[in-house]
$ cat work_12.tsv   # TSV, C-alpha atoms
chain	number	residue	atom	x	y	z
A	30	MET	CA	168.23	-59.74	5.99
A	31	SER	CA	167.90	-60.40	9.69
A	32	ASP	CA	165.44	-62.75	11.20
A	33	LEU	CA	162.25	-60.94	12.24
A	34	SER	CA	162.25	-62.72	15.57
A	35	THR	CA	165.47	-60.93	16.53
A	36	LEU	CA	163.92	-57.47	15.90
A	37	VAL	CA	160.79	-57.94	18.02
A	38	ARG	CA	161.35	-58.17	21.75
A	39	PRO	CA	158.93	-60.59	23.34
A	40	GLU	CA	156.82	-59.19	26.16
A	41	PRO	CA	157.67	-60.55	29.57
A	42	ARG	CA	155.38	-63.33	30.66
A	43	THR	CA	153.24	-62.60	33.68
A	44	GLU	CA	151.30	-65.14	35.62
A	45	ALA	CA	147.56	-64.62	36.01
A	46	PRO	CA	146.48	-63.74	39.54
A	47	PRO	CA	145.07	-66.65	41.50
A	48	PRO	CA	141.28	-66.91	41.25
A	49	GLU	CA	139.40	-65.25	44.08
A	50	PRO	CA	137.76	-67.72	46.48
A	51	ARG	CA	134.08	-68.15	45.69
A	52	THR	CA	132.94	-67.15	49.18
A	53	ALA	CA	135.10	-64.04	49.20
A	54	GLY	CA	133.80	-63.10	45.79
A	55	ARG	CA	130.20	-63.39	46.90
A	56	PHE	CA	130.90	-61.35	50.01
A	57	ARG	CA	132.59	-58.64	47.93
A	58	ARG	CA	129.63	-58.47	45.54
A	59	ALA	CA	127.15	-58.32	48.40
A	60	ALA	CA	129.11	-55.52	50.08
A	61	ALA	CA	129.18	-53.59	46.81
A	62	ARG	CA	125.37	-53.54	46.79
A	63	LEU	CA	125.25	-51.79	50.16
A	64	THR	CA	124.59	-48.07	49.99
A	65	PRO	CA	126.17	-45.60	52.43
A	66	ALA	CA	122.81	-45.54	54.25
A	67	ASP	CA	122.93	-49.35	54.56
A	68	ARG	CA	126.45	-49.26	55.95
A	69	SER	CA	125.45	-46.63	58.48
A	70	VAL	CA	122.65	-48.85	59.75
A	71	LEU	CA	124.93	-51.88	59.98
A	72	TRP	CA	127.50	-49.89	61.96
A	73	LEU	CA	124.75	-48.88	64.36
A	74	TYR	CA	123.71	-52.52	64.64
A	75	LEU	CA	127.27	-53.59	65.44
A	76	LEU	CA	127.66	-50.91	68.11
A	77	THR	CA	124.45	-51.94	69.85
A	78	ARG	CA	125.58	-55.60	69.79
A	79	ILE	CA	128.82	-54.59	71.48
A	80	SER	CA	126.81	-52.68	74.07
A	81	LEU	CA	124.71	-55.76	74.85
A	82	TRP	CA	127.75	-58.01	75.07
A	83	VAL	CA	129.38	-55.60	77.52
A	84	THR	CA	126.18	-55.58	79.58
A	85	ALA	CA	126.11	-59.38	79.60
A	86	HIS	CA	129.75	-59.56	80.69
A	87	LEU	CA	129.19	-57.18	83.60
A	88	ALA	CA	125.92	-58.83	84.58
A	89	ARG	CA	127.56	-62.19	85.24
A	90	TRP	CA	130.04	-60.51	87.61
A	91	LEU	CA	127.75	-58.05	89.37
A	92	PHE	CA	124.58	-60.14	89.63
A	93	PRO	CA	125.59	-63.77	90.29
A	94	ALA	CA	122.92	-66.41	90.75
A	95	ARG	CA	124.14	-67.05	94.31
A	96	PRO	CA	125.14	-64.07	96.50
A	97	GLY	CA	128.69	-64.21	97.78
A	98	THR	CA	130.02	-66.43	95.02
A	99	ARG	CA	133.66	-65.82	94.09
A	100	GLU	CA	133.53	-67.04	90.50
A	101	ALA	CA	131.56	-65.50	87.68
A	102	ALA	CA	129.31	-67.62	85.50
A	103	PRO	CA	130.68	-68.79	82.13
A	104	VAL	CA	130.98	-66.14	79.43
A	105	LEU	CA	127.92	-67.25	77.47
A	106	ALA	CA	125.77	-68.20	80.47
A	107	PRO	CA	123.76	-64.94	80.49
A	108	PHE	CA	122.32	-65.78	77.08
A	109	GLN	CA	121.34	-69.36	77.91
A	110	GLN	CA	118.02	-68.50	79.57
A	111	TRP	CA	114.37	-69.52	79.33
A	112	ASP	CA	113.20	-70.37	75.79
A	113	ALA	CA	116.78	-70.69	74.56
A	114	ASN	CA	116.96	-73.93	76.55
A	115	HIS	CA	113.85	-75.28	74.82
A	116	TYR	CA	115.36	-74.64	71.41
A	117	LEU	CA	118.63	-76.25	72.49
A	118	HIS	CA	116.84	-79.39	73.71
A	119	ILE	CA	114.85	-79.69	70.47
A	120	ALA	CA	117.94	-79.19	68.31
A	121	ARG	CA	119.99	-81.66	70.33
A	122	ASP	CA	117.44	-84.37	71.15
A	123	GLY	CA	114.50	-83.85	68.78
A	124	TYR	CA	110.87	-83.33	69.67
A	125	PHE	CA	110.12	-86.77	71.13
A	126	PRO	CA	113.37	-88.32	72.38
A	127	ALA	CA	113.27	-91.96	73.44
A	128	GLY	CA	109.52	-92.19	73.07
A	129	THR	CA	108.72	-89.37	75.45
A	130	GLY	CA	105.97	-86.87	74.75
A	131	PRO	CA	102.90	-85.14	76.20
A	132	TRP	CA	101.95	-88.41	77.87
A	133	THR	CA	105.16	-88.30	79.94
A	134	SER	CA	105.14	-86.86	83.46
A	135	GLY	CA	107.01	-83.56	83.66
A	136	TRP	CA	106.94	-83.05	79.90
A	137	ASP	CA	108.34	-79.66	78.84
A	138	ASN	CA	105.79	-79.04	76.04
A	139	ARG	CA	108.56	-78.50	73.50
A	140	GLU	CA	106.23	-79.12	70.56
A	141	ALA	CA	104.86	-75.61	71.18
A	142	PHE	CA	107.96	-74.29	69.39
A	143	PHE	CA	108.06	-74.38	65.60
A	144	PRO	CA	110.98	-76.30	64.02
A	145	GLY	CA	112.65	-73.63	61.85
A	146	TYR	CA	115.01	-72.24	64.48
A	147	PRO	CA	115.95	-75.59	66.12
A	148	PHE	CA	116.65	-77.07	62.68
A	149	LEU	CA	118.99	-74.22	61.79
A	150	LEU	CA	120.57	-74.36	65.26
A	151	ARG	CA	121.42	-78.02	64.75
A	152	ALA	CA	122.93	-77.25	61.35
A	153	VAL	CA	125.09	-74.40	62.66
A	154	HIS	CA	126.14	-76.58	65.61
A	155	THR	CA	127.96	-78.86	63.18
A	156	VAL	CA	130.35	-75.95	62.59
A	157	VAL	CA	130.16	-74.16	65.97
A	158	PRO	CA	130.54	-76.80	68.72
A	159	ASP	CA	129.03	-74.74	71.54
A	160	TRP	CA	125.23	-74.68	71.37
A	161	THR	CA	124.86	-71.24	72.91
A	162	ALA	CA	127.49	-69.74	70.62
A	163	ALA	CA	125.72	-71.30	67.63
A	164	GLY	CA	122.45	-69.68	68.68
A	165	LEU	CA	124.11	-66.31	69.19
A	166	LEU	CA	125.72	-66.53	65.75
A	167	ILE	CA	122.31	-67.19	64.15
A	168	SER	CA	120.78	-64.21	65.92
A	169	PHE	CA	123.73	-61.98	65.08
A	170	VAL	CA	123.60	-62.67	61.35
A	171	ALA	CA	119.81	-62.73	61.20
A	172	GLY	CA	119.58	-59.49	63.16
A	173	ALA	CA	121.85	-57.75	60.66
A	174	VAL	CA	119.65	-58.90	57.78
A	175	ALA	CA	116.53	-57.82	59.64
A	176	VAL	CA	117.68	-54.32	60.56
A	177	LEU	CA	118.96	-53.73	57.04
A	178	ALA	CA	115.59	-54.75	55.56
A	179	LEU	CA	113.75	-52.64	58.14
A	180	ALA	CA	115.76	-49.57	57.18
A	181	ARG	CA	115.02	-50.14	53.50
A	182	ILE	CA	111.30	-50.51	54.21
A	183	ALA	CA	111.40	-47.28	56.21
A	184	ARG	CA	113.05	-45.46	53.30
A	185	ALA	CA	110.28	-46.77	51.05
A	186	TYR	CA	107.62	-45.40	53.41
A	187	LEU	CA	109.28	-42.11	54.29
A	188	SER	CA	110.96	-39.65	51.96
A	189	GLU	CA	113.56	-38.29	54.40
A	190	ASP	CA	117.14	-39.48	53.92
A	191	ALA	CA	117.52	-40.21	57.63
A	192	ALA	CA	114.41	-42.42	57.80
A	193	GLY	CA	116.24	-45.74	57.69
A	194	ARG	CA	118.81	-44.91	60.34
A	195	ARG	CA	116.22	-43.26	62.59
A	196	THR	CA	113.97	-46.32	62.40
A	197	ALA	CA	116.92	-48.56	63.23
A	198	VAL	CA	117.70	-46.44	66.32
A	199	PHE	CA	114.17	-46.83	67.68
A	200	PHE	CA	114.13	-50.54	66.89
A	201	LEU	CA	117.57	-51.46	68.25
A	202	LEU	CA	117.06	-49.44	71.45
A	203	SER	CA	113.52	-50.71	72.04
A	204	PRO	CA	112.70	-52.13	75.48
A	205	CYS	CA	112.92	-55.80	74.44
A	206	ALA	CA	115.87	-55.45	72.07
A	207	VAL	CA	117.90	-57.96	74.12
A	208	PHE	CA	115.86	-60.77	72.56
A	209	LEU	CA	117.27	-59.91	69.15
A	210	ALA	CA	120.72	-60.88	70.43
A	211	ALA	CA	119.79	-63.96	72.47
A	212	GLY	CA	119.17	-67.45	71.14
A	213	TYR	CA	115.51	-66.68	70.48
A	214	THR	CA	113.44	-66.66	67.28
A	215	GLU	CA	112.75	-62.93	66.92
A	216	ALA	CA	115.86	-62.10	64.87
A	217	LEU	CA	115.52	-65.12	62.58
A	218	PHE	CA	111.80	-64.50	62.04
A	219	LEU	CA	112.42	-60.88	61.11
A	220	ALA	CA	115.28	-61.88	58.81
A	221	PHE	CA	112.66	-63.68	56.71
A	222	ALA	CA	109.60	-61.52	57.40
A	223	LEU	CA	111.03	-58.07	56.66
A	224	PRO	CA	112.65	-58.99	53.33
A	225	ALA	CA	109.38	-60.77	52.49
A	226	TRP	CA	107.45	-57.56	53.09
A	227	LEU	CA	109.98	-55.57	51.10
A	228	ALA	CA	109.58	-58.02	48.20
A	229	ALA	CA	105.79	-57.77	48.43
A	230	MET	CA	105.98	-53.98	48.32
A	231	ARG	CA	107.91	-54.36	45.06
A	232	HIS	CA	105.33	-56.88	43.76
A	233	ARG	CA	107.85	-59.69	43.68
A	234	TRP	CA	105.24	-62.19	44.81
A	235	ALA	CA	107.17	-65.42	44.34
A	236	LEU	CA	110.07	-64.19	46.44
A	237	ALA	CA	107.69	-62.76	49.05
A	238	ALA	CA	105.87	-66.10	49.29
A	239	VAL	CA	109.06	-68.13	49.71
A	240	LEU	CA	110.40	-65.83	52.43
A	241	THR	CA	107.04	-65.78	54.20
A	242	ALA	CA	106.95	-69.58	54.08
A	243	LEU	CA	110.38	-69.63	55.74
A	244	ALA	CA	109.03	-67.24	58.38
A	245	THR	CA	106.18	-69.66	59.14
A	246	THR	CA	108.73	-72.38	59.93
A	247	VAL	CA	110.04	-70.16	62.73
A	248	ARG	CA	106.90	-68.70	64.37
A	249	VAL	CA	103.16	-68.95	63.94
A	250	SER	CA	103.30	-65.19	63.40
A	251	GLY	CA	104.35	-66.06	59.87
A	252	LEU	CA	100.72	-66.86	59.13
A	253	PHE	CA	99.78	-63.32	60.17
A	254	LEU	CA	102.40	-62.03	57.76
A	255	ALA	CA	100.99	-64.33	55.06
A	256	ALA	CA	97.54	-62.79	55.56
A	257	ALA	CA	99.01	-59.28	55.22
A	258	VAL	CA	100.94	-60.22	52.06
A	259	ALA	CA	97.81	-61.81	50.58
A	260	LEU	CA	95.79	-58.66	51.29
A	261	LEU	CA	98.50	-56.50	49.74
A	262	PHE	CA	98.41	-58.77	46.69
A	263	VAL	CA	94.64	-58.30	46.34
A	264	LEU	CA	94.86	-54.55	46.82
A	265	SER	CA	97.63	-54.35	44.22
A	266	ALA	CA	95.72	-56.35	41.60
A	267	ARG	CA	95.36	-54.54	38.29
A	268	THR	CA	95.56	-56.96	35.37
A	269	GLY	CA	94.89	-60.58	34.59
A	270	ARG	CA	98.60	-61.20	34.40
A	271	HIS	CA	98.89	-60.07	38.01
A	272	TRP	CA	96.44	-62.75	39.16
A	273	ARG	CA	98.59	-65.50	37.69
A	274	ALA	CA	100.78	-65.12	40.76
A	275	ALA	CA	97.85	-65.70	43.13
A	276	GLY	CA	98.92	-69.28	43.81
A	277	TRP	CA	102.07	-68.05	45.51
A	278	THR	CA	99.98	-66.60	48.35
A	279	LEU	CA	99.10	-70.15	49.44
A	280	LEU	CA	102.71	-71.31	49.81
A	281	PRO	CA	103.21	-70.04	53.40
A	282	ALA	CA	100.50	-72.41	54.65
A	283	LEU	CA	102.56	-75.48	53.72
A	284	PRO	CA	105.21	-75.43	56.52
A	285	PRO	CA	102.66	-75.17	59.39
A	286	ALA	CA	100.59	-77.88	57.72
A	287	ALA	CA	103.64	-80.13	57.44
A	288	TYR	CA	104.53	-79.52	61.07
A	289	SER	CA	100.97	-80.32	62.17
A	290	TRP	CA	101.15	-83.55	60.15
A	291	TYR	CA	104.45	-84.46	61.83
A	292	LEU	CA	103.01	-83.85	65.29
A	293	HIS	CA	99.88	-85.84	64.45
A	294	ALA	CA	102.03	-88.75	63.36
A	295	HIS	CA	103.68	-88.80	66.80
A	296	THR	CA	100.85	-87.71	69.10
A	297	GLY	CA	97.61	-88.31	67.21
A	298	ASP	CA	96.81	-84.61	67.65
A	299	TRP	CA	96.73	-82.25	64.64
A	300	MET	CA	96.90	-79.21	66.95
A	301	ALA	CA	99.52	-80.57	69.33
A	302	TRP	CA	101.59	-77.37	69.17
A	303	LYS	CA	98.59	-75.29	70.23
A	304	HIS	CA	97.65	-77.65	73.04
A	305	ALA	CA	101.25	-77.60	74.27
A	306	GLN	CA	101.01	-73.80	74.54
A	307	GLU	CA	97.79	-74.17	76.50
A	308	ARG	CA	99.36	-76.62	78.96
A	309	GLY	CA	102.60	-74.76	79.46
A	310	TRP	CA	101.73	-71.09	79.10
A	311	TYR	CA	98.00	-70.72	79.93
A	312	ARG	CA	97.12	-69.97	76.31
A	313	THR	CA	93.63	-71.42	76.59
A	314	PHE	CA	91.04	-69.27	74.85
A	315	HIS	CA	89.48	-66.46	76.88
A	316	THR	CA	87.64	-63.40	75.70
A	317	PRO	CA	89.74	-60.25	75.33
A	318	TRP	CA	88.09	-58.63	78.36
A	319	GLU	CA	88.75	-61.72	80.49
A	320	ALA	CA	92.41	-61.71	79.46
A	321	TRP	CA	92.67	-57.99	80.26
A	322	THR	CA	91.01	-58.47	83.67
A	323	ASN	CA	93.23	-61.41	84.64
A	324	THR	CA	96.37	-59.55	83.60
A	325	TRP	CA	95.23	-56.44	85.47
A	326	HIS	CA	94.71	-58.47	88.65
A	327	GLY	CA	98.20	-59.93	88.30
A	328	ALA	CA	99.68	-56.47	87.76
A	329	PHE	CA	97.94	-54.39	90.42
A	330	GLU	CA	95.86	-56.50	92.82
A	331	GLY	CA	98.72	-58.00	94.84
A	332	THR	CA	98.07	-61.56	93.64
A	333	GLN	CA	101.63	-61.95	92.32
A	334	SER	CA	105.12	-61.23	93.59
A	335	THR	CA	106.54	-57.84	92.65
A	336	GLY	CA	108.65	-59.35	89.88
A	337	TYR	CA	105.70	-61.01	88.19
A	338	ALA	CA	103.52	-57.95	88.80
A	339	ALA	CA	106.03	-55.76	86.95
A	340	MET	CA	105.94	-58.18	84.02
A	341	PHE	CA	102.15	-58.03	83.90
A	342	GLN	CA	102.32	-54.24	83.94
A	343	ALA	CA	104.63	-54.39	80.93
A	344	GLU	CA	102.18	-56.74	79.19
A	345	LEU	CA	99.34	-54.24	79.68
A	346	ALA	CA	101.44	-51.35	78.42
A	347	ALA	CA	102.50	-53.28	75.31
A	348	MET	CA	98.90	-54.25	74.59
A	349	LEU	CA	97.83	-50.60	74.73
A	350	VAL	CA	100.65	-49.68	72.34
A	351	GLY	CA	99.51	-52.40	69.95
A	352	LEU	CA	95.88	-51.28	70.04
A	353	ALA	CA	96.91	-47.67	69.39
A	354	LEU	CA	99.09	-48.82	66.50
A	355	VAL	CA	96.21	-50.72	64.88
A	356	ALA	CA	93.95	-47.69	65.24
A	357	ILE	CA	96.53	-45.44	63.55
A	358	LEU	CA	97.10	-47.92	60.74
A	359	LEU	CA	93.37	-48.18	60.10
A	360	ARG	CA	93.01	-44.43	60.12
A	361	ARG	CA	95.77	-44.14	57.52
A	362	ARG	CA	94.26	-47.00	55.51
A	363	ARG	CA	97.30	-49.18	55.87
A	364	TRP	CA	95.07	-52.24	55.68
A	365	PRO	CA	97.68	-55.02	55.29
A	366	GLU	CA	99.86	-53.71	58.13
A	367	ALA	CA	96.77	-53.31	60.32
A	368	VAL	CA	95.76	-56.91	59.63
A	369	TYR	CA	99.23	-58.17	60.56
A	370	VAL	CA	99.34	-56.36	63.92
A	371	ALA	CA	95.67	-57.01	64.71
A	372	LEU	CA	96.05	-60.77	64.21
A	373	SER	CA	99.07	-60.73	66.49
A	374	LEU	CA	97.10	-58.87	69.17
A	375	TRP	CA	94.19	-61.28	68.85
A	376	ALA	CA	96.46	-64.30	69.31
A	377	LEU	CA	98.19	-62.73	72.32
A	378	GLY	CA	95.10	-61.10	73.81
A	379	THR	CA	92.79	-64.11	74.01
A	380	SER	CA	94.71	-66.24	76.52
A	381	TYR	CA	94.04	-66.54	80.25
A	382	TRP	CA	96.37	-63.58	80.65
A	383	TYR	CA	98.82	-61.76	78.42
A	384	THR	CA	102.14	-63.46	77.75
A	385	SER	CA	105.03	-62.19	75.59
A	386	VAL	CA	103.27	-59.08	74.27
A	387	PRO	CA	106.33	-56.84	74.95
A	388	ARG	CA	108.52	-59.22	72.93
A	389	ALA	CA	105.96	-59.18	70.13
A	390	THR	CA	106.47	-55.43	69.71
A	391	LEU	CA	109.79	-56.27	68.04
A	392	LEU	CA	107.83	-57.87	65.20
A	393	TRP	CA	105.59	-54.84	64.59
A	394	TRP	CA	107.73	-53.02	62.04
A	395	PRO	CA	105.06	-50.30	61.42
A	396	LEU	CA	105.56	-49.23	65.05
A	397	TRP	CA	109.25	-48.42	64.61
A	398	ILE	CA	108.71	-46.72	61.27
A	399	GLY	CA	105.88	-44.69	62.78
A	400	LEU	CA	108.03	-43.55	65.69
A	401	ALA	CA	110.76	-42.55	63.26
A	402	ALA	CA	108.23	-40.56	61.22
A	403	VAL	CA	107.15	-38.66	64.33
A	404	SER	CA	110.75	-37.91	65.31
A	405	LEU	CA	111.56	-36.58	61.84
A	406	ARG	CA	108.73	-34.07	62.17
A	407	ARG	CA	109.40	-33.27	65.83
A	408	PRO	CA	113.14	-33.47	66.63
A	409	TRP	CA	112.55	-33.38	70.40
A	410	PHE	CA	110.74	-36.73	70.20
A	411	THR	CA	113.95	-38.70	69.72
A	412	THR	CA	115.45	-37.31	72.92
A	413	ALA	CA	112.23	-37.97	74.82
A	414	TYR	CA	112.06	-41.55	73.54
A	415	LEU	CA	115.68	-42.32	74.43
A	416	CYS	CA	115.29	-40.84	77.91
A	417	VAL	CA	112.39	-43.23	78.57
A	418	ALA	CA	113.59	-46.25	76.61
A	419	ALA	CA	117.20	-46.30	77.82
A	420	PRO	CA	116.48	-47.23	81.47
A	421	VAL	CA	113.67	-49.61	80.51
A	422	THR	CA	115.83	-51.33	77.91
A	423	THR	CA	118.67	-51.68	80.41
A	424	ILE	CA	116.40	-53.12	83.10
A	425	VAL	CA	114.83	-55.62	80.70
A	426	ALA	CA	118.26	-56.69	79.45
A	427	LEU	CA	119.51	-57.20	83.00
A	428	THR	CA	116.44	-59.15	84.10
A	429	PHE	CA	116.86	-61.50	81.17
A	430	LEU	CA	120.64	-61.84	81.34
A	431	THR	CA	120.52	-62.58	85.10
A	432	GLY	CA	117.71	-65.13	84.90
A	433	ARG	CA	115.06	-62.92	86.48
A	434	TRP	CA	112.93	-62.33	83.36
A	435	ALA	CA	109.87	-64.34	84.46
A	436	GLY	CA	109.50	-62.71	87.86
$ encode --input "work_12.tsv" --output "structure tokens"
Amino acid sequence: MSDLSTLVRPEPRTEAPPPEPRTAGRFRRAAARLTPADRSVLWLYLLTRISLWVTAHLARWLFPARPGTREAAPVLAPFQQWDANHYLHIARDGYFPAGTGPWTSGWDNREAFFPGYPFLLRAVHTVVPDWTAAGLLISFVAGAVAVLALARIARAYLSEDAAGRRTAVFFLLSPCAVFLAAGYTEALFLAFALPAWLAAMRHRWALAAVLTALATTVRVSGLFLAAAVALLFVLSARTGRHWRAAGWTLLPALPPAAYSWYLHAHTGDWMAWKHAQERGWYRTFHTPWEAWTNTWHGAFEGTQSTGYAAMFQAELAAMLVGLALVAILLRRRRWPEAVYVALSLWALGTSYWYTSVPRATLLWWPLWIGLAAVSLRRPWFTTAYLCVAAPVTTIVALTFLTGRWAG
């Protein structure tokens, strides 16, 4: 009788495949959760980023800072403008380097800027040595998160399949879209704010509160979002179990409070960030009609150069758009969204004159969803919008990328 081992052929031994890297595995799982509609929106986002980068490349050759120069500015120079320099200085040197502060002659009022973006910029800089490139990377990733969340919110509001992509088109081709790509806070704020709103719509209050708190580290507008989320929470209340989550609505107040405490420890002023805005950007309190009058004079009375006058005209136009948006939201009983936009308008419309209202339109997600809703009912509206927005968007991008934004 033969040995059994000689009758059974052993199976060939195969080595187990090497384990997938943890980062690659997470990326693969995240990509698997993207729907075809999500991928379409992200492709649109990538194409518009390429368009802006091409514009920036040509701008540094065609519109040099000094006429007649024979060398173009560095590749990333077009994006290192205006507020991006403030964030760089904070990330690199801190808020009060070497004992300097508001008591120092020529102080740049950097405490007006909330710490969320500079903190992240410093962290990314440990991996990306160039400060401007680090800021662009933050905006690129944050912008992708923001536009994806915006499209999902639009699909929750509107029943049409094309709602998400259509909203993304209006948003990404909006007049001030260049600020989503630059080293500014708009993209990062929206990367927290829009997912926060999406979570609140789904009654995931803890997640909404955490994301809103992160948004308040980036911009004071996070407090306006917190008010809207709190109102949505109240309007959604049904049972006693629901009210157990009420404490989460207070979380977004903690980061601004901590920042105020930090500034007080260094300056003795609890509202140092607000007073810095007043010193540097004329954000002292004025009634809404005074602010409108002063902006109107700057736009049309010949008191400013043509560059500044054009900016003031854009401020007035953006304010009118915001007021119309609030009126529509109130008419449709979209109370939380109306509160969010109205608080933004109040903050921007009670200074000596209007400042940064056009940029603030990027943060008004009901505006872009509303425009998409109109275009879905009236197909001609998309063509009309693009015909008007395309030249304005190009001009705004060029004025920023060539250092001519503020006049």
$ residues_around --input "work_12.tsv" --residues "Asp112 (chain A)" --least-positions-apart "3" --cutoff "7 Å" --atoms "all atoms listed in the file" --output "PDB file with C-alpha atoms, in the coordinates of the input"
ATOM      1  CA  HIS A 115     113.850 -75.280  74.820  1.00  0.00           C
ATOM      2  CA  TYR A 116     115.360 -74.640  71.410  1.00  0.00           C
ATOM      3  CA  TYR A 213     115.510 -66.680  70.480  1.00  0.00           C
TER       4      TYR A 213
END
$ residues_around --input "work_12.tsv" --residues "Trp394 (chain A)" --least-positions-apart "2" --cutoff "9 Å" --atoms "only C-alpha atoms" --output "JSON, numbers by chain"
{"A": [179, 182, 183, 200, 223, 366, 390, 391, 392, 396, 397, 398, 399]}
$ closest_residue --input "work_12.tsv" --among "A:Ala339, A:Leu260, A:Ala220, A:Val355" --to "Trp234 (chain A)" --atoms "only C-alpha atoms"
A:Leu260
$ closest_atom_pairs --input "work_12.tsv" --of "region 228-280 of chain A" --to "region 135-155 of chain A" --cutoff "7 Å" --atoms "all atoms listed in the file" --output "CSV"
residue,atom,partner,partner_atom,distance
A:Thr246,CA,A:Gly145,CA,4.5
A:Val247,CA,A:Gly145,CA,4.4
A:Arg248,CA,A:Phe143,CA,5.9
$ closest_residue --input "work_12.tsv" --among "A:Trp302, A:Phe108, A:Trp364, A:Phe429" --to "Pro285 (chain A)" --atoms "all atoms listed in the file"
A:Trp302
$ closest_residue --input "work_12.tsv" --among "A:Ala367, A:Ala120, A:Leu261, A:Ala216" --to "Ala228 (chain A)" --atoms "all atoms listed in the file"
A:Leu261
$ closest_residue --input "work_12.tsv" --among "A:Phe253, A:Tyr414, A:Tyr337, A:Trp111" --to "Leu400 (chain A)" --atoms "all atoms listed in the file"
A:Tyr414
$ atom_distance --input "work_12.tsv" --atom1 "CA of Ala376 (chain A)" --atom2 "CA of Leu165 (chain A)"
27.7 Å
$ closest_residue --input "work_12.tsv" --among "A:Trp90, A:Phe199, A:Trp277, A:Trp160" --to "Leu73 (chain A)" --atoms "only C-alpha atoms"
A:Phe199
$ closest_residue --input "work_12.tsv" --among "A:Ala401, A:Val368, A:Val198, A:Glu307" --to "Trp72 (chain A)" --atoms "only C-alpha atoms"
A:Val198
$ residues_around --input "work_12.tsv" --residues "Leu374 (chain A)" --least-positions-apart "5" --cutoff "12 Å" --atoms "only C-alpha atoms" --output "ChimeraX atom specification"
/A:250,253,317,320-321,344-345,347-355,367-369,379-380,383-387,389-390,392-393
$ atom_distance --input "work_12.tsv" --atom1 "CA of Thr98 (chain A)" --atom2 "CA of Ala435 (chain A)"
22.8 Å
$ residues_around --input "work_12.tsv" --residues "Arg233 (chain A)" --least-positions-apart "4" --cutoff "12 Å" --atoms "all atoms listed in the file" --output "JSON, numbers by chain"
{"A": [224, 225, 226, 227, 228, 229, 237, 238, 239, 240, 258, 261, 262, 265, 271, 274, 275, 277, 278]}
$ atom_distance --input "work_12.tsv" --atom1 "CA of Met230 (chain A)" --atom2 "CA of Val263 (chain A)"
12.3 Å
$ residues_around --input "work_12.tsv" --residues "Ala197 (chain A)" --least-positions-apart "6" --cutoff "7 Å" --atoms "only C-alpha atoms" --output "PyMOL selection string"
chain A and resi 70+176+180
$ decode --input "work_12.tsv" --residues "region 152-164 of chain A" --atoms "N, CA and C atoms" --output "short mmCIF file (atom, residue, chain, number, x, y, z; two decimals), in the first residue's frame"
data_model
loop_
_atom_site.label_atom_id
_atom_site.label_comp_id
_atom_site.auth_asym_id
_atom_site.auth_seq_id
_atom_site.Cartn_x
_atom_site.Cartn_y
_atom_site.Cartn_z
N ALA A 152 2.18 74.55 8.68
CA ALA A 152 2.29 73.09 8.72
C ALA A 152 2.63 72.53 7.35
N VAL A 153 1.95 73.01 6.31
CA VAL A 153 2.21 72.52 4.95
C VAL A 153 3.61 72.93 4.50
N HIS A 154 4.08 74.08 4.97
CA HIS A 154 5.41 74.56 4.59
C HIS A 154 6.51 73.61 5.05
N THR A 155 6.26 72.82 6.08
CA THR A 155 7.27 71.86 6.50
C THR A 155 7.49 70.78 5.46
N VAL A 156 6.52 70.60 4.56
CA VAL A 156 6.63 69.61 3.49
C VAL A 156 6.92 70.28 2.15
N VAL A 157 6.30 71.44 1.91
CA VAL A 157 6.48 72.20 0.67
C VAL A 157 7.33 73.42 1.01
N PRO A 158 8.60 73.47 0.62
CA PRO A 158 9.50 74.53 1.08
C PRO A 158 9.08 75.94 0.64
N ASP A 159 8.49 76.07 -0.53
CA ASP A 159 8.12 77.41 -1.02
C ASP A 159 6.79 77.83 -0.38
N TRP A 160 6.78 79.02 0.22
CA TRP A 160 5.58 79.47 0.92
C TRP A 160 4.39 79.65 -0.04
N THR A 161 4.64 80.25 -1.18
CA THR A 161 3.55 80.47 -2.12
C THR A 161 2.99 79.15 -2.63
N ALA A 162 3.87 78.22 -2.96
CA ALA A 162 3.42 76.90 -3.42
C ALA A 162 2.62 76.19 -2.34
N ALA A 163 3.03 76.34 -1.08
CA ALA A 163 2.28 75.73 0.02
C ALA A 163 0.87 76.31 0.10
N GLY A 164 0.75 77.63 -0.05
CA GLY A 164 -0.56 78.26 -0.03
C GLY A 164 -1.43 77.82 -1.19
#
